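**Student:** Please see the structure below; I have some questions.
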Amino acid sequence: MIAGTAVDLQGLPIPALDFFAVDPIGTGPGQVSREQFNTIFGSNIRALSSFQRVFDAKLVGFPFELPGGKVGLSVGAEFRQEGFKIKDSPEIFLFSVPVADLSIKRDIYSFFAEVSVPIVGESMHVPGVYNLEVNLAGRYDHYDGVKEDAKVPKLSLRYQPIKDLTLRATYSNSFIAPNLFQLFGPTIPGATPQISINGVVQGQANIAVASNPDLVPSKAESYSAGFVYSPSNVPGLVITADYFRTLQLGLAAPFGGNLIIQSVNKLGPASPYAQYLAFNNYPGQPGATPVTGVNQLFGNLQAVFISDQLRNIGAVHAEGVDMSAHYTADLRTFGQFELGVNAIVYTQYEAKTTPFLQYYNLLNLDNTEGIGIVPDYKLAFLGEYRWQGLTASLIANYIPKVFNAVGHDPETEDFRTFQQVQDYVTFDGRLQYTFVRETPASTAAPEPKDSKNMRDGKNAAPAPVAGASMTMLDRMLNGTTVAVGCNNIFDRKPSYVEGANSNTDLSVYDPYGRFLYFEIAKKF
């Protein structure tokens, strides 16, 4: 049964249609006209393509030397052209949403410079200062069609009181320009997540999110400070910890269906968002009727239509600690074995929807799409054995329990009353061998592509094979890697998230289950 809340292309109301009726065509209850029935089914082909062209140049050198060491200098420029096209087929049928043909592109010009100044070096033998270095950087970006240019600085300090301990700190600004889809993309219709009104689940409303050519860049400010400890009396041990704080302002985002619905239901036409909501069709479209009183949305969300445009609204503030500990045991002729753990712990993660509202908590929640999951912490464990060209690794990823905020309003509700999403752990394994047949230079094993890699560095290069000359077979095998791997070895099902699309959070939880892959790669 199709509810009689829609309108056809001429703006005329379409009555409720009963597909199981003996004859759905006619003028009686559950019947529609022949013309309307012919527009119910159809096909629509939409072609989307995008492109990017990049030209860049960089000059790196050490122009002069100070008592602390060589001064490093890097300058560069970049030209980038990007764009997209949308071509919609002319077929139009009931409930389809035709999209205008689009062909958009823009040019981007960037310039950057960085200088590294060694103030004190180890050769100077300064008491209490083994090494001291300052790094200054800046970047300028111009985006055609964006009202503001980017001028962002970065300042870094690296200090070693002793050889085994490095202290580091960074201050930086960043600049996130709206992309072309946010500026000129088509209006995208869909449905809100399940929404609760007055504590009662109401289902979903219709919503269309539109682009906005007047968007300006989002800006962020970041601080970090931490240490790296590598004790010389325990070779192979590296411990790191870094505190971080980030504040991002002017995020490009819609108001969101939940905010609009909660406000309009409570305040009626007095809500500042009442203009974006109507019954029976989108505001300003044929058949649309406005809200005239309070609490009119309760029980009627299926007939609610929301027009929501991207805007520079709100902010996100995050603080936490990023930690890691890795130990590599040198087994000499038997290779190396590494154990490691990475952890990120959030102490605060909050947001506000508009500049006029207060911050609200996002930590320990699985939020609606676009925000995603923000657990209190995340853990990753590594065990890896390396011997000559052979590398065997096992990685485990763990996400603790969170509260399900889908269909709720964490801005006004107590998240501790939400249902919990179960914790989640997966194991990924990989076995690879890299052939090296070249004596003068070693070849590093390529980074695993299909496995969740938790380490920053590349795999250690296998020892080259002795011999000055190579046969044709040696040349073919040299730099070739063969690998077999399995992600989600124990076939862990994704955690159930009630009300979410696909009943889970696809941005975090693995929807594929056990995934076995093979790989052959050749490095030239």
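By order in the structure tokens, chains are A, B, ...; within a chain, residues start at 1; ligands start at 1, following the order shown.
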Running DSSP on the backbone, which parts of segment 109-224 of chain A land in alpha helix (DSSP H), as a list in words?

**Tutor:**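 Those residues are Leu180, Phe181, Gln182, Leu183 and Phe184 of chain A.
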
**Student:** Restricting it to N, CA, C and O atoms, dump the selection as an mmCIF file, in the first residue's frame.

**Tutor:**
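This went into selection23.cif:
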```
data_model
loop_
_atom_site.group_PDB
_atom_site.id
_atom_site.type_symbol
_atom_site.label_atom_id
_atom_site.label_comp_id
_atom_site.auth_asym_id
_atom_site.auth_seq_id
_atom_site.Cartn_x
_atom_site.Cartn_y
_atom_site.Cartn_z
ATOM 1 N N LEU A 180 33.687 20.549 -4.175
ATOM 2 C CA LEU A 180 32.780 20.960 -5.243
ATOM 3 C C LEU A 180 31.372 20.413 -5.039
ATOM 4 O O LEU A 180 30.384 21.073 -5.397
ATOM 5 N N PHE A 181 31.271 19.214 -4.491
ATOM 6 C CA PHE A 181 29.953 18.641 -4.264
ATOM 7 C C PHE A 181 29.199 19.442 -3.207
ATOM 8 O O PHE A 181 27.989 19.636 -3.305
ATOM 9 N N GLN A 182 29.916 19.909 -2.173
ATOM 10 C CA GLN A 182 29.270 20.722 -1.147
ATOM 11 C C GLN A 182 28.846 22.075 -1.699
ATOM 12 O O GLN A 182 27.843 22.646 -1.268
ATOM 13 N N LEU A 183 29.607 22.611 -2.665
ATOM 14 C CA LEU A 183 29.298 23.922 -3.225
ATOM 15 C C LEU A 183 28.222 23.866 -4.305
ATOM 16 O O LEU A 183 27.308 24.700 -4.330
ATOM 17 N N PHE A 184 28.341 22.898 -5.216
ATOM 18 C CA PHE A 184 27.484 22.915 -6.414
ATOM 19 C C PHE A 184 26.801 21.576 -6.692
ATOM 20 O O PHE A 184 26.185 21.419 -7.746
#
```

**Student:** To one decimal place in Å, what is the distance between atom CA of Leu310 of chain A and atom CA of Leu251 of chain A?

**Tutor:** 9.3 Å

**Student:** Find the residues around segment 114-118 of chain A up to 6 Å (only C-alpha atoms counted), leave out those fewer than 6 positions away in its own chain, and share them as a list in words.

**Tutor:**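 Residues near the query, excluding close chain neighbours: Gly68, Gly69, Val71, Gly72, Leu73, Ser74, Glu133, Val134, Asn135, Leu136 and Ala137 of chain A.
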
**Student:** Keeping C-alpha atoms, export the residues of the selection given above as a PDB file, in the first residue's frame.

**Tutor:**
```
ATOM      1  CA  GLY A  68      73.948  23.025  15.809  1.00  0.00           C
ATOM      2  CA  GLY A  69      73.858  21.510  12.319  1.00  0.00           C
ATOM      3  CA  VAL A  71      69.625  24.380   8.185  1.00  0.00           C
ATOM      4  CA  GLY A  72      67.023  22.624   6.066  1.00  0.00           C
ATOM      5  CA  LEU A  73      64.851  24.533   3.602  1.00  0.00           C
ATOM      6  CA  SER A  74      61.940  23.371   1.481  1.00  0.00           C
ATOM      7  CA  GLU A 133      65.527  22.074  16.856  1.00  0.00           C
ATOM      8  CA  VAL A 134      62.799  24.474  15.705  1.00  0.00           C
ATOM      9  CA  ASN A 135      60.701  23.964  12.605  1.00  0.00           C
ATOM     10  CA  LEU A 136      58.679  26.736  10.935  1.00  0.00           C
ATOM     11  CA  ALA A 137      56.273  26.153   8.063  1.00  0.00           C
TER      12      ALA A 137
END
```

**Student:** Would you list the contacts of Val228 of chain A as a PDB file with C-alpha atoms, in the first residue's frame, taking every protein, DNA or RNA residue within 8 Å and counting only C-alpha atoms, but skipping same-chain residues closer than 3 positions in sequence?

**Tutor:**
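This is the output file result_38.pdb:
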```pdb
ATOM      1  CA  LEU A 165      64.481  10.969  25.401  1.00  0.00           C
ATOM      2  CA  THR A 166      62.885  13.287  22.857  1.00  0.00           C
ATOM      3  CA  LEU A 167      60.305  15.918  23.816  1.00  0.00           C
ATOM      4  CA  VAL A 238      60.259   2.586  21.757  1.00  0.00           C
ATOM      5  CA  ILE A 239      57.567   4.237  23.898  1.00  0.00           C
ATOM      6  CA  THR A 240      55.601   7.295  22.774  1.00  0.00           C
ATOM      7  CA  ALA A 241      52.837   9.434  24.234  1.00  0.00           C
TER       8      ALA A 241
END
```

**Student:** Closest to Lys493 of chain A among A:Val508, A:Val216, A:Ala169, A:Ile162, using only C-alpha atoms?

**Tutor:** A:Val508

**Student:** Skipping near chain neighbours, those fewer than 5 positions away, what residues fall within 6 Å of segment 471-482 of chain A using only C-alpha atoms, listed as number ranges by chain?

**Tutor:** A: 432-437, 519-523

**Student:** Would you mind listing what lies within 9 Å of Gly138 of chain A as an NGL selection string, with only C-alpha atoms counted and same-chain residues fewer than 6 positions away left out?

**Tutor:** :A and (111-114 or 151-155)

**Student:** Near segment 103-107 of chain A, counting only C-alpha atoms, which residues have an atom at most 6 Å away, once you skip same-chain residues fewer than 3 positions from it, shown as a PyMOL selection string?

**Tutor:** chain A and resi 80-85+144
